[in-house]
>>> print(open('target38.csv').read())   # CSV, C-alpha atoms and all ligand atoms
chain,number,residue,atom,x,y,z
A,1,MET,CA,-105.6,-223.2,-132.6
A,2,LYS,CA,-109.4,-223.6,-132.3
A,3,ILE,CA,-110.8,-222.6,-128.9
A,4,LEU,CA,-114.3,-223.3,-127.7
A,5,ALA,CA,-115.3,-220.4,-125.4
A,6,ILE,CA,-118.1,-220.1,-122.9
A,7,GLU,CA,-119.5,-216.8,-121.4
A,8,SER,CA,-122.1,-216.7,-118.6
A,9,SER,CA,-121.1,-213.7,-116.4
A,10,CYS,CA,-124.4,-211.9,-116.6
A,11,ASP,CA,-127.6,-212.4,-118.5
A,12,GLU,CA,-126.3,-213.8,-121.8
A,13,THR,CA,-125.4,-217.5,-122.1
A,14,ALA,CA,-122.9,-217.6,-125.0
A,15,THR,CA,-120.6,-220.0,-126.8
A,16,ALA,CA,-118.2,-219.5,-129.7
A,17,ILE,CA,-115.4,-221.3,-131.5
A,18,VAL,CA,-112.5,-218.9,-132.4
A,19,GLU,CA,-109.4,-219.7,-134.4
A,20,ASP,CA,-106.0,-218.2,-133.4
A,21,GLY,CA,-107.7,-215.3,-131.5
A,22,ARG,CA,-109.0,-213.6,-134.6
A,23,GLU,CA,-111.4,-215.7,-136.7
A,24,VAL,CA,-114.9,-216.6,-135.4
A,25,LEU,CA,-115.9,-220.0,-136.8
A,26,ALA,CA,-119.2,-219.9,-135.0
A,27,SER,CA,-120.9,-217.9,-132.2
A,28,VAL,CA,-124.2,-218.4,-130.4
A,29,ILE,CA,-125.8,-216.0,-127.9
A,30,ASN,CA,-128.8,-216.8,-125.9
A,31,SER,CA,-130.1,-213.6,-124.3
A,32,GLN,CA,-132.3,-213.6,-121.2
A,33,VAL,CA,-133.1,-209.8,-121.5
A,34,ALA,CA,-136.8,-210.3,-122.1
A,35,GLU,CA,-137.2,-212.2,-118.9
A,36,HIS,CA,-135.2,-209.8,-116.7
A,37,GLN,CA,-137.1,-206.8,-118.2
A,38,LYS,CA,-140.1,-207.7,-116.2
A,39,TYR,CA,-138.1,-206.9,-113.0
A,40,GLY,CA,-136.3,-203.8,-114.3
A,41,GLY,CA,-132.9,-205.4,-114.1
A,42,VAL,CA,-131.0,-208.7,-113.9
A,43,VAL,CA,-132.2,-211.1,-111.2
A,44,PRO,CA,-129.1,-213.1,-110.3
A,45,GLU,CA,-130.8,-216.3,-109.4
A,46,ILE,CA,-132.9,-216.4,-112.5
A,47,ALA,CA,-129.8,-215.7,-114.6
A,48,SER,CA,-128.0,-218.7,-113.1
A,49,ARG,CA,-130.9,-221.0,-113.6
A,50,ARG,CA,-131.3,-220.0,-117.2
A,51,HIS,CA,-127.6,-220.5,-117.9
A,52,ALA,CA,-127.9,-224.0,-116.4
A,53,GLU,CA,-130.8,-224.8,-118.7
A,54,ASN,CA,-129.3,-223.3,-121.9
A,55,ILE,CA,-125.6,-224.1,-121.7
A,56,VAL,CA,-125.6,-227.6,-123.1
A,57,GLU,CA,-127.9,-226.8,-126.0
A,58,ILE,CA,-125.9,-223.7,-127.1
A,59,THR,CA,-122.6,-225.7,-126.9
A,60,GLU,CA,-124.1,-228.4,-129.1
A,61,LYS,CA,-125.3,-225.7,-131.5
A,62,VAL,CA,-122.0,-223.9,-131.7
A,63,LEU,CA,-120.2,-227.2,-132.5
A,64,ALA,CA,-122.8,-228.0,-135.1
A,65,ASP,CA,-122.6,-224.5,-136.7
A,66,ALA,CA,-118.8,-224.9,-137.0
A,67,ASN,CA,-119.2,-228.4,-138.3
A,68,MET,CA,-116.9,-229.7,-135.6
A,69,SER,CA,-116.9,-232.2,-132.8
A,70,LEU,CA,-115.5,-231.6,-129.3
A,71,SER,CA,-112.5,-233.8,-130.1
A,72,GLU,CA,-111.5,-231.3,-132.9
A,73,VAL,CA,-111.4,-228.4,-130.5
A,74,ASP,CA,-107.9,-227.6,-129.1
A,75,ALA,CA,-108.9,-225.9,-125.8
A,76,ILE,CA,-111.8,-224.8,-123.6
A,77,ALA,CA,-112.0,-221.2,-122.5
A,78,VAL,CA,-114.4,-219.7,-119.9
A,79,THR,CA,-115.1,-216.3,-118.3
A,80,TYR,CA,-114.2,-216.9,-114.6
A,81,ALA,CA,-114.5,-213.2,-113.4
A,82,PRO,CA,-115.9,-210.6,-112.9
A,83,GLY,CA,-119.7,-210.9,-112.9
A,84,LEU,CA,-122.6,-212.4,-111.0
A,85,ILE,CA,-121.1,-215.3,-109.0
A,86,GLY,CA,-123.9,-217.8,-109.5
A,87,ALA,CA,-123.9,-217.1,-113.2
A,88,LEU,CA,-120.1,-217.4,-113.5
A,89,LEU,CA,-120.1,-220.7,-111.7
A,90,VAL,CA,-122.4,-222.3,-114.2
A,91,GLY,CA,-120.0,-221.5,-117.0
A,92,VAL,CA,-116.9,-222.4,-115.0
A,93,ASN,CA,-118.2,-225.8,-113.9
A,94,PHE,CA,-119.5,-226.6,-117.3
A,95,ALA,CA,-116.1,-225.7,-118.9
A,96,LYS,CA,-114.3,-227.8,-116.3
A,97,GLY,CA,-116.5,-230.8,-117.2
A,98,LEU,CA,-115.8,-230.3,-120.9
A,99,SER,CA,-112.1,-230.0,-120.2
A,100,LEU,CA,-112.1,-233.2,-118.0
A,101,ALA,CA,-114.1,-235.2,-120.5
A,102,SER,CA,-112.1,-234.1,-123.5
A,103,GLY,CA,-108.6,-233.8,-122.0
A,104,LYS,CA,-108.2,-230.3,-123.5
A,105,PRO,CA,-106.6,-227.4,-121.6
A,106,LEU,CA,-108.8,-225.1,-119.7
A,107,ILE,CA,-108.2,-221.3,-120.2
A,108,PRO,CA,-109.6,-218.8,-117.7
A,109,VAL,CA,-110.6,-215.4,-119.2
A,110,HIS,CA,-111.3,-212.1,-117.4
A,111,HIS,CA,-114.5,-210.7,-118.9
A,112,ILE,CA,-113.1,-207.2,-119.4
A,113,ARG,CA,-110.0,-208.6,-121.2
A,114,GLY,CA,-112.6,-210.3,-123.4
A,115,HIS,CA,-114.4,-207.1,-124.2
A,116,ILE,CA,-111.1,-205.5,-125.2
A,117,ALA,CA,-110.2,-208.6,-127.4
A,118,ALA,CA,-113.5,-208.1,-129.3
A,119,ASN,CA,-111.4,-205.5,-131.2
A,120,TYR,CA,-108.9,-208.2,-132.3
A,121,ILE,CA,-111.7,-209.9,-134.2
A,122,THR,CA,-113.0,-206.6,-135.7
A,123,HIS,CA,-109.5,-205.3,-136.6
A,124,PRO,CA,-107.1,-208.1,-137.7
A,125,ASP,CA,-104.2,-205.5,-137.8
A,126,LEU,CA,-104.7,-204.3,-134.2
A,127,LYS,CA,-101.9,-205.2,-131.7
A,128,PRO,CA,-101.0,-203.8,-128.3
A,129,PRO,CA,-99.8,-201.4,-127.1
A,130,PHE,CA,-102.8,-199.1,-127.1
A,131,LEU,CA,-105.0,-197.1,-124.8
A,132,CYS,CA,-108.5,-198.5,-124.2
A,133,LEU,CA,-111.8,-197.0,-122.9
A,134,VAL,CA,-113.9,-199.9,-121.4
A,135,VAL,CA,-117.5,-198.8,-120.9
A,136,SER,CA,-120.0,-201.5,-120.0
A,137,GLY,CA,-122.9,-202.0,-117.5
A,138,GLY,CA,-120.4,-202.6,-114.7
A,139,HIS,CA,-117.2,-200.9,-115.8
A,140,SER,CA,-115.9,-197.5,-116.9
A,141,HIS,CA,-112.1,-197.8,-117.1
A,142,ILE,CA,-109.3,-196.2,-119.0
A,143,ILE,CA,-106.7,-198.9,-119.4
A,144,GLU,CA,-103.2,-199.0,-120.9
A,145,VAL,CA,-103.0,-202.3,-122.8
A,146,LYS,CA,-99.3,-202.8,-122.8
A,147,ASP,CA,-99.4,-206.3,-124.2
A,148,TYR,CA,-102.1,-208.9,-124.8
A,149,THR,CA,-102.0,-210.0,-121.1
A,150,GLU,CA,-100.5,-206.9,-119.5
A,151,PHE,CA,-102.8,-204.1,-118.4
A,152,LYS,CA,-102.6,-200.9,-116.3
A,153,THR,CA,-105.8,-199.2,-115.2
A,154,ILE,CA,-105.2,-195.4,-115.1
A,155,GLY,CA,-108.7,-194.2,-114.7
A,156,LYS,CA,-112.0,-195.6,-113.4
A,157,THR,CA,-115.4,-194.6,-112.2
A,158,ARG,CA,-115.7,-193.6,-108.5
A,159,ASP,CA,-119.4,-194.7,-108.4
A,160,ASP,CA,-121.7,-195.8,-111.3
A,161,ALA,CA,-120.4,-197.3,-114.5
A,162,ALA,CA,-121.4,-195.5,-117.7
A,163,GLY,CA,-123.9,-198.3,-118.7
A,164,GLU,CA,-125.4,-198.3,-115.3
A,165,ALA,CA,-126.0,-194.5,-115.5
A,166,PHE,CA,-127.6,-195.0,-119.0
A,167,ASP,CA,-129.9,-197.7,-117.6
A,168,LYS,CA,-130.9,-195.8,-114.5
A,169,ALA,CA,-131.5,-192.5,-116.4
A,170,ALA,CA,-133.5,-194.5,-119.0
A,171,ARG,CA,-135.6,-196.0,-116.3
A,172,SER,CA,-136.6,-192.6,-114.9
A,173,MET,CA,-137.6,-191.6,-118.5
A,174,GLY,CA,-139.9,-194.7,-118.6
A,175,PHE,CA,-137.7,-196.9,-120.9
A,176,CYS,CA,-137.4,-200.6,-120.1
A,177,TYR,CA,-134.2,-202.4,-119.1
A,178,PRO,CA,-131.5,-202.2,-120.4
A,179,GLY,CA,-132.2,-198.6,-121.4
A,180,GLY,CA,-129.0,-197.6,-123.0
A,181,ILE,CA,-130.1,-198.4,-126.5
A,182,TYR,CA,-133.5,-196.6,-126.0
A,183,ILE,CA,-131.6,-193.4,-124.9
A,184,ASP,CA,-129.4,-193.8,-128.0
A,185,LYS,CA,-132.5,-194.0,-130.2
A,186,ALA,CA,-134.4,-191.2,-128.5
A,187,ALA,CA,-131.3,-189.0,-128.5
A,188,GLN,CA,-131.2,-189.1,-132.3
A,189,LEU,CA,-134.5,-187.2,-132.3
A,190,GLY,CA,-133.7,-184.7,-129.6
A,191,ASN,CA,-131.8,-181.5,-128.9
A,192,PRO,CA,-128.6,-182.1,-126.8
A,193,LYS,CA,-128.7,-178.5,-125.5
A,194,ALA,CA,-132.3,-178.6,-124.3
A,195,TYR,CA,-131.5,-179.5,-120.7
A,196,LYS,CA,-128.4,-178.3,-118.8
A,197,LEU,CA,-126.9,-181.2,-116.8
A,198,PRO,CA,-123.9,-181.2,-114.5
A,199,ILE,CA,-120.5,-182.3,-115.5
A,200,PRO,CA,-119.1,-183.9,-112.3
A,201,HIS,CA,-115.8,-182.8,-111.0
A,202,VAL,CA,-113.6,-185.6,-109.6
A,203,ASP,CA,-110.9,-184.7,-107.2
A,204,GLY,CA,-107.6,-186.5,-107.5
A,205,SER,CA,-107.0,-188.5,-110.7
A,206,PRO,CA,-107.8,-186.5,-113.8
A,207,TYR,CA,-108.8,-189.8,-115.6
A,208,ASP,CA,-111.4,-190.9,-113.0
A,209,PHE,CA,-115.1,-190.7,-113.8
A,210,SER,CA,-118.2,-190.1,-111.7
A,211,PHE,CA,-121.7,-190.6,-113.1
A,212,SER,CA,-123.9,-190.8,-110.1
A,213,GLY,CA,-124.5,-187.1,-109.8
A,214,LEU,CA,-125.4,-186.8,-113.4
A,215,LYS,CA,-127.8,-189.8,-113.1
A,216,THR,CA,-129.4,-188.2,-110.0
A,217,ALA,CA,-129.8,-184.9,-111.8
A,218,VAL,CA,-131.8,-186.6,-114.5
A,219,ILE,CA,-133.9,-188.5,-112.0
A,220,ASN,CA,-134.6,-185.3,-110.0
A,221,LEU,CA,-135.4,-183.3,-113.2
A,222,VAL,CA,-138.0,-185.9,-114.3
A,223,HIS,CA,-139.5,-186.1,-110.7
A,224,ASN,CA,-139.7,-182.3,-110.2
A,225,THR,CA,-141.1,-181.7,-113.6
A,226,THR,CA,-143.8,-184.2,-113.4
A,227,GLN,CA,-144.6,-183.1,-109.8
A,228,LYS,CA,-145.3,-179.6,-111.2
A,229,GLY,CA,-147.7,-181.2,-113.7
A,230,GLU,CA,-145.4,-180.4,-116.6
A,231,THR,CA,-144.0,-182.9,-119.2
A,232,ILE,CA,-140.5,-183.8,-120.0
A,233,ASP,CA,-139.4,-184.1,-123.6
A,234,ASN,CA,-137.8,-187.5,-123.5
A,235,ASN,CA,-136.0,-187.1,-126.8
A,236,ASP,CA,-134.4,-183.8,-125.6
A,237,LEU,CA,-133.6,-185.2,-122.2
A,238,ALA,CA,-132.0,-188.4,-123.7
A,239,ALA,CA,-130.0,-186.2,-126.1
A,240,SER,CA,-128.8,-183.9,-123.3
A,241,PHE,CA,-127.9,-186.8,-121.1
A,242,GLN,CA,-126.1,-188.8,-123.8
A,243,HIS,CA,-124.3,-185.6,-125.0
A,244,THR,CA,-123.0,-185.0,-121.4
A,245,VAL,CA,-121.9,-188.6,-120.9
A,246,CYS,CA,-120.1,-188.7,-124.2
A,247,LYS,CA,-118.4,-185.4,-123.5
A,248,ILE,CA,-117.1,-186.7,-120.1
A,249,LEU,CA,-115.8,-189.9,-121.6
A,250,THR,CA,-114.3,-188.3,-124.7
A,251,ASP,CA,-112.5,-185.4,-122.8
A,252,LYS,CA,-111.0,-187.8,-120.2
A,253,LEU,CA,-109.9,-190.3,-122.8
A,254,MET,CA,-108.3,-187.6,-124.9
A,255,LEU,CA,-106.5,-186.2,-121.9
A,256,ALA,CA,-105.2,-189.7,-120.9
A,257,ALA,CA,-104.0,-190.2,-124.5
A,258,GLU,CA,-102.2,-186.9,-124.6
A,259,HIS,CA,-100.4,-187.6,-121.3
A,260,SER,CA,-99.6,-191.2,-122.0
A,261,GLY,CA,-98.5,-190.7,-125.6
A,262,TYR,CA,-100.6,-193.5,-127.1
A,263,LYS,CA,-101.7,-192.9,-130.7
A,264,ASN,CA,-103.9,-196.0,-131.0
A,265,ILE,CA,-107.2,-195.7,-129.2
A,266,VAL,CA,-109.6,-198.6,-128.6
A,267,VAL,CA,-113.1,-198.7,-127.2
A,268,ALA,CA,-114.8,-201.8,-125.7
A,269,GLY,CA,-117.9,-202.9,-123.8
A,270,GLY,CA,-121.7,-202.6,-124.3
A,271,VAL,CA,-121.7,-198.8,-124.3
A,272,SER,CA,-119.3,-198.7,-127.2
A,273,ALA,CA,-122.4,-199.4,-129.3
A,274,ASN,CA,-123.7,-195.9,-128.5
A,275,SER,CA,-123.9,-193.9,-131.7
A,276,GLY,CA,-123.2,-190.6,-129.9
A,277,LEU,CA,-120.1,-191.9,-128.3
A,278,ARG,CA,-118.8,-193.4,-131.5
A,279,ALA,CA,-119.3,-190.1,-133.3
A,280,SER,CA,-117.8,-188.0,-130.5
A,281,LEU,CA,-114.7,-190.2,-130.3
A,282,GLN,CA,-114.3,-190.3,-134.0
A,283,ALA,CA,-114.3,-186.5,-134.2
A,284,ALA,CA,-111.9,-186.1,-131.2
A,285,CYS,CA,-109.5,-188.8,-132.5
A,286,LYS,CA,-109.5,-187.2,-136.0
A,287,SER,CA,-108.7,-183.8,-134.6
A,288,HIS,CA,-105.9,-185.1,-132.4
A,289,GLY,CA,-104.5,-187.4,-135.1
A,290,TYR,CA,-105.1,-190.6,-133.3
A,291,ARG,CA,-106.3,-193.9,-134.9
A,292,LEU,CA,-109.6,-195.1,-133.4
A,293,TYR,CA,-110.6,-198.7,-133.2
A,294,LEU,CA,-114.3,-199.5,-132.5
A,295,PRO,CA,-115.7,-203.0,-132.1
A,296,ALA,CA,-118.2,-204.2,-134.6
A,297,LEU,CA,-121.7,-203.5,-133.2
A,298,SER,CA,-122.4,-207.3,-133.0
A,299,LEU,CA,-119.3,-207.7,-130.6
A,300,CYS,CA,-120.0,-204.7,-128.3
A,301,GLY,CA,-122.3,-206.5,-125.9
A,302,ASP,CA,-121.6,-209.8,-124.1
A,303,ASN,CA,-120.6,-212.7,-126.3
A,304,ALA,CA,-118.3,-215.7,-126.2
A,305,ALA,CA,-116.3,-214.8,-129.4
A,306,MET,CA,-114.5,-212.1,-127.5
A,307,ILE,CA,-113.6,-214.6,-124.7
A,308,GLY,CA,-112.3,-217.1,-127.3
A,309,ALA,CA,-110.2,-214.3,-128.9
A,310,GLN,CA,-108.5,-213.3,-125.5
A,311,ALA,CA,-108.2,-217.0,-124.5
A,312,TYR,CA,-105.7,-217.5,-127.4
A,313,TYR,CA,-103.4,-214.9,-126.0
A,314,GLU,CA,-103.8,-216.1,-122.4
A,315,TYR,CA,-102.8,-219.6,-123.6
A,316,LEU,CA,-99.8,-218.3,-125.5
A,317,CYS,CA,-98.5,-216.8,-122.3
A,318,GLY,CA,-99.2,-219.9,-120.2
A,319,ASN,CA,-102.4,-218.9,-118.4
A,320,VAL,CA,-104.0,-222.3,-118.2
A,321,ALA,CA,-106.1,-223.4,-115.2
A,322,ASP,CA,-106.5,-226.8,-113.5
A,323,LEU,CA,-109.8,-228.3,-112.3
A,324,SER,CA,-109.7,-226.3,-109.1
A,325,LEU,CA,-110.7,-223.1,-111.1
A,326,ASN,CA,-113.3,-221.1,-109.3
A,327,GLY,CA,-115.5,-218.2,-110.4
A,328,CYS,CA,-114.9,-214.8,-108.8
A,329,ALA,CA,-117.4,-211.9,-108.7
A,330,SER,CA,-114.7,-209.2,-108.6
A,331,VAL,CA,-111.1,-209.4,-109.9
A,332,PRO,CA,-109.0,-206.5,-111.2
A,333,ILE,CA,-108.1,-206.7,-114.8
B,1,LIG,O1,-120.8,-205.1,-121.9
B,1,LIG,P1,-122.3,-205.3,-121.6
B,1,LIG,O2,-123.1,-206.0,-122.6
B,1,LIG,O3,-122.4,-206.0,-120.3
B,1,LIG,C1,-121.6,-205.8,-119.2
B,1,LIG,O4,-120.5,-206.4,-119.1
B,1,LIG,O5,-122.0,-205.0,-118.3
B,1,LIG,O6,-122.9,-203.8,-121.4
B,1,LIG,C2,-124.2,-203.6,-121.1
B,1,LIG,C3,-124.5,-202.1,-121.0
B,1,LIG,C4,-125.9,-201.8,-120.5
B,1,LIG,O7,-125.8,-200.9,-119.5
B,1,LIG,C5,-126.5,-201.3,-121.7
B,1,LIG,O8,-127.6,-200.3,-121.5
B,1,LIG,C6,-125.4,-200.6,-122.4
B,1,LIG,O9,-124.3,-201.5,-122.3
B,1,LIG,N1,-125.6,-200.3,-123.8
B,1,LIG,C7,-125.7,-199.1,-124.4
B,1,LIG,C8,-126.0,-199.2,-125.7
B,1,LIG,N2,-126.1,-200.6,-126.0
B,1,LIG,C9,-125.9,-201.2,-124.8
B,1,LIG,N3,-125.6,-197.9,-123.8
B,1,LIG,C10,-125.7,-196.8,-124.6
B,1,LIG,N4,-126.1,-196.9,-125.9
B,1,LIG,C11,-126.2,-198.1,-126.5
B,1,LIG,N5,-126.5,-198.1,-127.8
B,2,ZN,ZN,-119.8,-207.4,-120.5
>>> encode(input="target38.csv", output="structure tokens")
Amino acid sequence: MKILAIESSCDETATAIVEDGREVLASVINSQVAEHQKYGGVVPEIASRRHAENIVEITEKVLADANMSLSEVDAIAVTYAPGLIGALLVGVNFAKGLSLASGKPLIPVHHIRGHIAANYITHPDLKPPFLCLVVSGGHSHIIEVKDYTEFKTIGKTRDDAAGEAFDKAARSMGFCYPGGIYIDKAAQLGNPKAYKLPIPHVDGSPYDFSFSGLKTAVINLVHNTTQKGETIDNNDLAASFQHTVCKILTDKLMLAAEHSGYKNIVVAGGVSANSGLRASLQAACKSHGYRLYLPALSLCGDNAAMIGAQAYYEYLCGNVADLSLNGCASVPI
């Protein structure tokens, strides 16, 4: 089954054609990052307008790249939630138009389910059940993936998402948006023990995260140091911050795995590209005897291939929408 997938939940307009949930026939990503960088973050209205301008062209391109016409596609999939509502609505309405014009079924896909499904493309042998750490700009969740369309969240952030903390800490260090990748690069040149940063304690669930105190500690450290006329070593601060975030994520994920009994551990979302996190999880999983699945670097950030992968499994279990499908800014997985 060949699915044409559309993703427009944030600042990437993306299309892909994916066969049977596993094989990417073509994938196109049009990133708006350079434009949003001027404002230090994503400007929702600009994002929606750019999606509206780009979506037809990148759909034509993905069909051309796959050497297919719309009539050869078996279904249309689209990210309907969560995300920026104006941005989502562009993709949802466009997908509805394609479905109406072609008579093909319309498959709604949850963005986070899509991030998890990026791993089905990278690892053809991967099947649920498994335990998944989802770390993106808007999410930090530990999720039991019981089946392709059955999920149970057992831990989540109480405040900032991991990617959000990376981006805000990066901003205080003078890096441009989105700063996660710049922290990753700087951290490779720094000493992770140079600055002592707090590991937040979260009352209640042992698998919940909190990153806002850590982020604020970085911002205050930069502010107080420069106020005194002293300089911060950005490489050392990036390494110390990244080391602390990776320790928090790794420790909680290992605890959750130990308690829940899962031996297959999967990571998803933009922050799964972080080299420190990949190394830390690799070491921890090796010492616990767990098998670790990481998405290919090209599939960590937002893309439509992951939406096409998840759409296949949504379709198999009957999750098909009619033309009243709406976008939604926030929906639990
Ligand atoms: O999944 P994603 O592309 O979009 C959302 O659904 O949010 O994640 C974007 C987030 C941003 O916060 C970005 O800074 C972060 O992923 N990110 C990274 C790295 N690459 C992207 N964070 C740390 N290290 C990286 N190498
Ligand atoms: Zn995402």
>>> residues_around(input="target38.csv", residues="segment 303-319 of chain A", least_positions_apart="5", cutoff="7 Å", atoms="only C-alpha atoms", output="PyMOL selection string")
chain A and resi 3-7+14-18+20-22+24+27+29+77+79+107+109+113-115+117-118+148-149
>>> atom_distance(input="target38.csv", atom1="atom CA of Phe209 of chain A", atom2="atom CA of Phe166 of chain A")
14.2 Å
>>> residues_near_ligand(input="target38.csv", ligand="ligand ZN 2 (chain B)", cutoff="10 Å", atoms="only C-alpha atoms and all ligand atoms", output="compact mmCIF listing (two decimals) with C-alpha atoms, in the frame of the given file")
# COMPACT_ATOMS: atom_id res chain seq x y z
CA GLU A 7 -119.50 -216.80 -121.40
CA SER A 8 -122.10 -216.70 -118.60
CA SER A 9 -121.10 -213.70 -116.40
CA CYS A 10 -124.40 -211.90 -116.60
CA ASP A 11 -127.60 -212.40 -118.50
CA GLU A 12 -126.30 -213.80 -121.80
CA PRO A 82 -115.90 -210.60 -112.90
CA GLY A 83 -119.70 -210.90 -112.90
CA HIS A 111 -114.50 -210.70 -118.90
CA ILE A 112 -113.10 -207.20 -119.40
CA ARG A 113 -110.00 -208.60 -121.20
CA GLY A 114 -112.60 -210.30 -123.40
CA HIS A 115 -114.40 -207.10 -124.20
CA VAL A 134 -113.90 -199.90 -121.40
CA VAL A 135 -117.50 -198.80 -120.90
CA SER A 136 -120.00 -201.50 -120.00
CA GLY A 137 -122.90 -202.00 -117.50
CA GLY A 138 -120.40 -202.60 -114.70
CA HIS A 139 -117.20 -200.90 -115.80
CA ALA A 268 -114.80 -201.80 -125.70
CA GLY A 269 -117.90 -202.90 -123.80
CA GLY A 270 -121.70 -202.60 -124.30
CA VAL A 271 -121.70 -198.80 -124.30
CA CYS A 300 -120.00 -204.70 -128.30
CA GLY A 301 -122.30 -206.50 -125.90
CA ASP A 302 -121.60 -209.80 -124.10
CA ASN A 303 -120.60 -212.70 -126.30
CA MET A 306 -114.50 -212.10 -127.50
>>> residues_around(input="target38.csv", residues="Gly103 of chain A", least_positions_apart="2", cutoff="12 Å", atoms="only C-alpha atoms", output="PDB file with C-alpha atoms, in the coordinates of the input")
ATOM      1  CA  LEU A  70    -115.500-231.600-129.300  1.00  0.00           C
ATOM      2  CA  SER A  71    -112.500-233.800-130.100  1.00  0.00           C
ATOM      3  CA  GLU A  72    -111.500-231.300-132.900  1.00  0.00           C
ATOM      4  CA  VAL A  73    -111.400-228.400-130.500  1.00  0.00           C
ATOM      5  CA  ASP A  74    -107.900-227.600-129.100  1.00  0.00           C
ATOM      6  CA  ALA A  75    -108.900-225.900-125.800  1.00  0.00           C
ATOM      7  CA  ILE A  76    -111.800-224.800-123.600  1.00  0.00           C
ATOM      8  CA  ALA A  95    -116.100-225.700-118.900  1.00  0.00           C
ATOM      9  CA  LYS A  96    -114.300-227.800-116.300  1.00  0.00           C
ATOM     10  CA  GLY A  97    -116.500-230.800-117.200  1.00  0.00           C
ATOM     11  CA  LEU A  98    -115.800-230.300-120.900  1.00  0.00           C
ATOM     12  CA  SER A  99    -112.100-230.000-120.200  1.00  0.00           C
ATOM     13  CA  LEU A 100    -112.100-233.200-118.000  1.00  0.00           C
ATOM     14  CA  ALA A 101    -114.100-235.200-120.500  1.00  0.00           C
ATOM     15  CA  PRO A 105    -106.600-227.400-121.600  1.00  0.00           C
ATOM     16  CA  LEU A 106    -108.800-225.100-119.700  1.00  0.00           C
ATOM     17  CA  ASP A 322    -106.500-226.800-113.500  1.00  0.00           C
ATOM     18  CA  LEU A 323    -109.800-228.300-112.300  1.00  0.00           C
TER      19      LEU A 323
END
>>> residues_around(input="target38.csv", residues="Lys127 of chain A", least_positions_apart="6", cutoff="10 Å", atoms="all atoms listed in the file", output="JSON, numbers by chain")
{"A": [117, 119, 120, 145, 146, 147, 148, 264]}
>>> atom_distance(input="target38.csv", atom1="atom CA of Ala194 of chain A", atom2="atom CA of His243 of chain A")
10.7 Å
>>> residues_near_point(input="target38.csv", point="(-134.7, -195.0, -128.8)", cutoff="12 Å", atoms="only C-alpha atoms", output="PDB file with C-alpha atoms, in the frame of the given file")
ATOM      1  CA  ALA A 170    -133.500-194.500-119.000  1.00  0.00           C
ATOM      2  CA  MET A 173    -137.600-191.600-118.500  1.00  0.00           C
ATOM      3  CA  GLY A 174    -139.900-194.700-118.600  1.00  0.00           C
ATOM      4  CA  PHE A 175    -137.700-196.900-120.900  1.00  0.00           C
ATOM      5  CA  CYS A 176    -137.400-200.600-120.100  1.00  0.00           C
ATOM      6  CA  PRO A 178    -131.500-202.200-120.400  1.00  0.00           C
ATOM      7  CA  GLY A 179    -132.200-198.600-121.400  1.00  0.00           C
ATOM      8  CA  GLY A 180    -129.000-197.600-123.000  1.00  0.00           C
ATOM      9  CA  ILE A 181    -130.100-198.400-126.500  1.00  0.00           C
ATOM     10  CA  TYR A 182    -133.500-196.600-126.000  1.00  0.00           C
ATOM     11  CA  ILE A 183    -131.600-193.400-124.900  1.00  0.00           C
ATOM     12  CA  ASP A 184    -129.400-193.800-128.000  1.00  0.00           C
ATOM     13  CA  LYS A 185    -132.500-194.000-130.200  1.00  0.00           C
ATOM     14  CA  ALA A 186    -134.400-191.200-128.500  1.00  0.00           C
ATOM     15  CA  ALA A 187    -131.300-189.000-128.500  1.00  0.00           C
ATOM     16  CA  GLN A 188    -131.200-189.100-132.300  1.00  0.00           C
ATOM     17  CA  LEU A 189    -134.500-187.200-132.300  1.00  0.00           C
ATOM     18  CA  GLY A 190    -133.700-184.700-129.600  1.00  0.00           C
ATOM     19  CA  ASN A 234    -137.800-187.500-123.500  1.00  0.00           C
ATOM     20  CA  ASN A 235    -136.000-187.100-126.800  1.00  0.00           C
ATOM     21  CA  ASP A 236    -134.400-183.800-125.600  1.00  0.00           C
ATOM     22  CA  LEU A 237    -133.600-185.200-122.200  1.00  0.00           C
ATOM     23  CA  ALA A 238    -132.000-188.400-123.700  1.00  0.00           C
ATOM     24  CA  ALA A 239    -130.000-186.200-126.100  1.00  0.00           C
ATOM     25  CA  GLN A 242    -126.100-188.800-123.800  1.00  0.00           C
ATOM     26  CA  ASN A 274    -123.700-195.900-128.500  1.00  0.00           C
ATOM     27  CA  SER A 275    -123.900-193.900-131.700  1.00  0.00           C
TER      28      SER A 275
END
>>> closest_residue(input="target38.csv", among="A:Arg278, A:Lys263, A:Lys247, A:Arg158", to="ligand LIG 1 (chain B)", atoms="only C-alpha atoms and all ligand atoms")
A:Arg278
>>> atom_distance(input="target38.csv", atom1="atom CA of Gly213 of chain A", atom2="atom CA of Ala165 of chain A")
9.5 Å
>>> closest_residue(input="target38.csv", among="A:Ser140, A:Ser298, A:Asn191, A:Ser205", to="Val245 of chain A", atoms="all atoms listed in the file")
A:Ser140
>>> closest_residue(input="target38.csv", among="A:Lys215, A:His288, A:His201, A:Arg49", to="Ala162 of chain A", atoms="all atoms listed in the file")
A:Lys215
>>> closest_residue(input="target38.csv", among="A:Ile199, A:Val42, A:Val92, A:Leu63", to="ligand LIG 1 (chain B)", atoms="only C-alpha atoms and all ligand atoms")
A:Val42
>>> residues_around(input="target38.csv", residues="Thr231 of chain A", least_positions_apart="4", cutoff="9 Å", atoms="all atoms listed in the file", output="list in words")
Val222, Thr225 and Thr226 of chain A
>>> closest_residue(input="target38.csv", among="A:Pro44, A:Leu126, A:Val266, A:Glu230", to="Leu88 of chain A", atoms="all atoms listed in the file")
A:Pro44
>>> closest_residue(input="target38.csv", among="A:Met1, A:Asn224, A:Arg171, A:Lys252", to="ligand LIG 1 (chain B)", atoms="only C-alpha atoms and all ligand atoms")
A:Arg171
